[in-house]
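In what follows, a single structure is set out as structure tokens and then discussed.
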Amino acid sequence: MQNLLDFDRPALTEWFRACGEKPFRAQQVLKWIHQQGCDDFDAMSNLGKSLREALKSVACIRGPGVAADQRSTDGSRKWLFELADGNRVECVYIPEPDRATLCVSSQVGCALNCSFCSTAQQGFNRNLVTSEIIGQLWMANRLLAAEGEQAVSNVVFMGMGEPLLNLDNVLPAVHLMQDDFAYALSKRRVTLSTAGVVPGLERLAAETDISLALSLHAPDNALRDELVPLNRKYRIAEVLQACKDYVGEGRRRVTIEYVMLDGVNDSDRQARALAGVLKHVPSKVNLIPFNPFPNTRYRRSSAQRIDRFRDILHRAGIVTITRKTRGDDIDAACGQLAGDFQDRTRRRQRISIEVSGGAA
Ligand code: SAH
């Protein structure tokens with residue numbers, strides 16, 4: 001059975017063509033699937049009966065299962081989605097008065113081993129396929145619609161995994177998010193967050209124009225090597241240059257994510273150094289108060305320290321906001337996503353990923 005959630009519009013068009021059907025069928029079917037949340041070919045009333053029967057015999061529309069559904073007191077919500085092979089990934093919904101953001105995962109686990117992230121502690125299992133990535137959005141909107149809740153208006157690739165190490169599957173999902181026959185989200189409303197995979201940034205630039213966030217977290221290479229081991233492969237200057245190339249001259253800004261770790265990266269000196277590093281990068285900074293998880297060696301910087309850090313950046317002319325922590329009562333905040341899977345990364349393999357920056 002071919003799961004139609006695996007196809008973006010070009011792929012679905014080609015699939016219909018190969019089946020001897022008219023290409024415009026792809027547009028009709030995409031609308032049913034992604035705009036109506038439909039998973040039943042019989043309900044697709046503008047398709048003839050024989051086509052519906054034919055589709056039923058070779059294709060399906062199948063999203064992930066819901067293994068858990070938790071609501072925070074602040075209105076955010078976390079789903080634990082179960083995949084066909086039993087792996088589970090987390091996905092967070094964050095409603096606000098003027099928007100509703102869905103934070104999606106791109107891999108089962110993560111191989112990058114950032115020292116302050118809970119996902120890292122579990123190791124890496126596998127890439128998500130396109131249907132499992134877009135399936136998070138598809139499923140979320142179906143569940144929200146059934147409850148009369150606000151549909152997703154923004155998507156951020158800030159869940160589990162490194163999206164630039166899974167572009168083959170992430171890009172078709174991005175295309176669907178932006179496609180007028182599917183979710184029709186503008187480039188401002190889809191944001192990919194990366195630890196800084198330089199070849200991935202180059203490919204992303206060639207294939208899409210969605211918004212970009214970089215997890216920087218340190219103003220110098222020595223500290224970043226410790227926090228984000230991928231930095232041993234792609235140094236700060238090279239990563240920032242790739243981000244600059246991505247956003248283009250004077251066009252848009254890259255969001256710099258900076259997790260505030262008490263006594264590690266939050267001093268006045270480091271704030272000034274960060275301002276220096278970002279001087280020629282069109283950027284805005286998001287300070288993220290560290291969200292703790294079991295067995296972590298880090299603590300969150302105090303509110304005063306974060307304010308002071310922000311003020312130094314402000315005075316240097318850098319737009320800086322402190323990200324409001326949402327959903328921490330249900331472990332849904334940044335860096336707390338866990339899922340449920342077996343770590344398949346052997347220690348040696350994990351080290352080689354750190355050093356080579358390659359996907360498993
Ligand atoms: N791999 C991608 C996307 C996933 S992480 C990336 O590195 O950007 C999404 C964001 O949450 C990143 O900025 C990450 O650094 C941040 N984060 C991870 N652990 C965190 C924690 N414990 N507290 C606060 N933010 C964290």
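Order determines the names: the first chain of the structure tokens is A, the second B, and so forth; residues in each chain are numbered 1 upward, and ligands are numbered 1 upward as they are shown.
Shell of region 50-56 of chain A at 12 Å, with only C-alpha atoms counted and residues fewer than 3 places along the chain excluded, is Met1, Gln2, Asn3, Leu4, Trp15, Phe16, Cys19, Gly20, Glu21, Lys22, Arg25, Val29, Asp39, Asp40, Phe41, Asp42, Ala43, Met44, Ser45, Asn46, Leu47, Ala59, Cys60 and Ile61 of chain A.
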Using N, CA and C atoms, can you export the residues from the last selection as a JSON list (two decimals), in the first residue's frame?
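Generated output (again13.json):
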```
[["chain", "number", "residue", "atom", "x", "y", "z"],
["A", 1, "MET", "N", 0.83, -1.21, 0.00],
["A", 1, "MET", "CA", 0.00, 0.00, 0.00],
["A", 1, "MET", "C", 0.86, 1.26, 0.00],
["A", 2, "GLN", "N", 0.58, 2.14, -0.91],
["A", 2, "GLN", "CA", 1.32, 3.41, -0.95],
["A", 2, "GLN", "C", 0.61, 4.43, -0.05],
["A", 3, "ASN", "N", 1.33, 4.93, 0.94],
["A", 3, "ASN", "CA", 0.75, 5.97, 1.79],
["A", 3, "ASN", "C", 0.87, 7.31, 1.06],
["A", 4, "LEU", "N", -0.27, 7.93, 0.75],
["A", 4, "LEU", "CA", -0.23, 9.16, -0.05],
["A", 4, "LEU", "C", 0.34, 10.34, 0.74],
["A", 15, "TRP", "N", 2.94, 10.16, -9.75],
["A", 15, "TRP", "CA", 2.35, 8.87, -9.38],
["A", 15, "TRP", "C", 1.04, 8.64, -10.13],
["A", 16, "PHE", "N", 0.20, 9.68, -10.20],
["A", 16, "PHE", "CA", -1.05, 9.56, -10.95],
["A", 16, "PHE", "C", -0.77, 9.33, -12.43],
["A", 19, "CYS", "N", 0.09, 5.91, -13.07],
["A", 19, "CYS", "CA", -1.08, 5.03, -12.97],
["A", 19, "CYS", "C", -2.04, 5.25, -14.14],
["A", 20, "GLY", "N", -1.68, 6.13, -15.08],
["A", 20, "GLY", "CA", -2.53, 6.38, -16.23],
["A", 20, "GLY", "C", -3.67, 7.36, -15.95],
["A", 21, "GLU", "N", -3.52, 8.14, -14.86],
["A", 21, "GLU", "CA", -4.56, 9.12, -14.51],
["A", 21, "GLU", "C", -4.13, 10.53, -14.90],
["A", 22, "LYS", "N", -5.11, 11.43, -15.01],
["A", 22, "LYS", "CA", -4.80, 12.83, -15.32],
["A", 22, "LYS", "C", -4.05, 13.48, -14.14],
["A", 25, "ARG", "N", -5.61, 15.27, -11.04],
["A", 25, "ARG", "CA", -6.13, 14.47, -9.91],
["A", 25, "ARG", "C", -5.29, 14.69, -8.66],
["A", 29, "VAL", "N", -6.79, 15.45, -4.99],
["A", 29, "VAL", "CA", -6.56, 14.54, -3.87],
["A", 29, "VAL", "C", -5.77, 15.23, -2.74],
["A", 39, "ASP", "N", -9.21, 10.90, 5.11],
["A", 39, "ASP", "CA", -8.40, 9.70, 4.91],
["A", 39, "ASP", "C", -9.22, 8.58, 4.26],
["A", 40, "ASP", "N", -10.34, 8.97, 3.66],
["A", 40, "ASP", "CA", -11.29, 7.99, 3.14],
["A", 40, "ASP", "C", -11.57, 8.30, 1.67],
["A", 41, "PHE", "N", -11.10, 7.42, 0.78],
["A", 41, "PHE", "CA", -11.28, 7.69, -0.65],
["A", 41, "PHE", "C", -12.75, 7.80, -1.03],
["A", 42, "ASP", "N", -13.61, 7.06, -0.34],
["A", 42, "ASP", "CA", -15.05, 7.10, -0.65],
["A", 42, "ASP", "C", -15.65, 8.49, -0.45],
["A", 43, "ALA", "N", -15.02, 9.28, 0.40],
["A", 43, "ALA", "CA", -15.56, 10.63, 0.67],
["A", 43, "ALA", "C", -15.12, 11.64, -0.39],
["A", 44, "MET", "N", -14.22, 11.23, -1.27],
["A", 44, "MET", "CA", -13.68, 12.19, -2.25],
["A", 44, "MET", "C", -14.64, 12.32, -3.42],
["A", 45, "SER", "N", -15.66, 13.16, -3.24],
["A", 45, "SER", "CA", -16.83, 13.15, -4.11],
["A", 45, "SER", "C", -16.57, 13.66, -5.52],
["A", 46, "ASN", "N", -15.46, 14.36, -5.73],
["A", 46, "ASN", "CA", -15.20, 14.79, -7.10],
["A", 46, "ASN", "C", -14.34, 13.81, -7.89],
["A", 47, "LEU", "N", -14.11, 12.64, -7.34],
["A", 47, "LEU", "CA", -13.44, 11.57, -8.09],
["A", 47, "LEU", "C", -14.49, 10.53, -8.49],
["A", 59, "ALA", "N", -3.65, 2.30, -2.48],
["A", 59, "ALA", "CA", -3.12, 3.41, -1.66],
["A", 59, "ALA", "C", -3.88, 3.55, -0.35],
["A", 60, "CYS", "N", -3.26, 4.27, 0.56],
["A", 60, "CYS", "CA", -3.92, 4.60, 1.82],
["A", 60, "CYS", "C", -3.46, 5.99, 2.26],
["A", 61, "ILE", "N", -4.15, 6.54, 3.23],
["A", 61, "ILE", "CA", -3.77, 7.83, 3.81],
["A", 61, "ILE", "C", -3.68, 7.57, 5.31]]
```
Query raised in the report: Any idea what's packed within 7 Å of Ala213 (chain A), counting only C-alpha atoms, ignoring anything in its chain fewer than 3 positions away? Could you give it as a PyMOL selection string?
Result: chain A and resi 191-194+254-257
Selection near Ile210 (chain A), 6 Å with only C-alpha atoms, sequence-local residues under 2 positions removed, as a PDB file with C-alpha atoms, in the first residue's frame:
```pdb
ATOM      1  CA  LYS A 187       7.749  31.235   4.089  1.00  0.00           C
ATOM      2  CA  VAL A 190       7.656  27.718   8.413  1.00  0.00           C
ATOM      3  CA  THR A 191      10.961  27.760  10.292  1.00  0.00           C
ATOM      4  CA  THR A 208      13.315  26.488  -0.538  1.00  0.00           C
TER       5      THR A 208
END
```
Produce a table with one row for each residue of chain A that has an atom at most 7 Å from any atom of ligand 1, each row naming the nearest atom pair and its distance in Å at one decimal; use only C-alpha atoms and all ligand atoms; arrange rows by chain and rising residue number; format as CSV.
```
residue,atom,partner,partner_atom_place_in_ligand_line,distance
A:Phe116,CA,ligand 1,22 (N),5.1
A:Cys117,CA,ligand 1,19 (N),3.5
A:Ser118,CA,ligand 1,22 (N),6.1
A:Phe157,CA,ligand 1,3 (C),6.1
A:Met158,CA,ligand 1,9 (C),3.9
A:Gly159,CA,ligand 1,4 (C),5.1
A:Met160,CA,ligand 1,4 (C),5.5
A:Gly161,CA,ligand 1,1 (N),5.1
A:Glu162,CA,ligand 1,1 (N),3.7
A:Pro163,CA,ligand 1,1 (N),6.4
A:Ser193,CA,ligand 1,8 (O),4.0
A:Thr194,CA,ligand 1,8 (O),3.6
A:Ala195,CA,ligand 1,7 (O),3.8
A:Ala213,CA,ligand 1,8 (O),6.9
A:Leu214,CA,ligand 1,8 (O),5.9
A:Ser215,CA,ligand 1,13 (O),4.3
A:Glu257,CA,ligand 1,13 (O),5.1
A:Tyr258,CA,ligand 1,13 (O),6.7
A:Val259,CA,ligand 1,25 (N),5.3
A:Ile288,CA,ligand 1,24 (C),5.5
A:Pro289,CA,ligand 1,24 (C),5.8
A:Phe290,CA,ligand 1,23 (N),3.7
A:Asn291,CA,ligand 1,23 (N),3.8
A:Pro292,CA,ligand 1,22 (N),5.5
A:Phe293,CA,ligand 1,22 (N),6.9
A:Cys334,CA,ligand 1,25 (N),4.3
A:Gly335,CA,ligand 1,19 (N),3.0
A:Gln336,CA,ligand 1,22 (N),5.8
```
Report summary line: Using only C-alpha atoms, the shortest atom-to-atom distance to Val89 (chain A) among A:Gly327, A:Pro294, A:Gly109, A:Gly75 belongs to A:Gly109
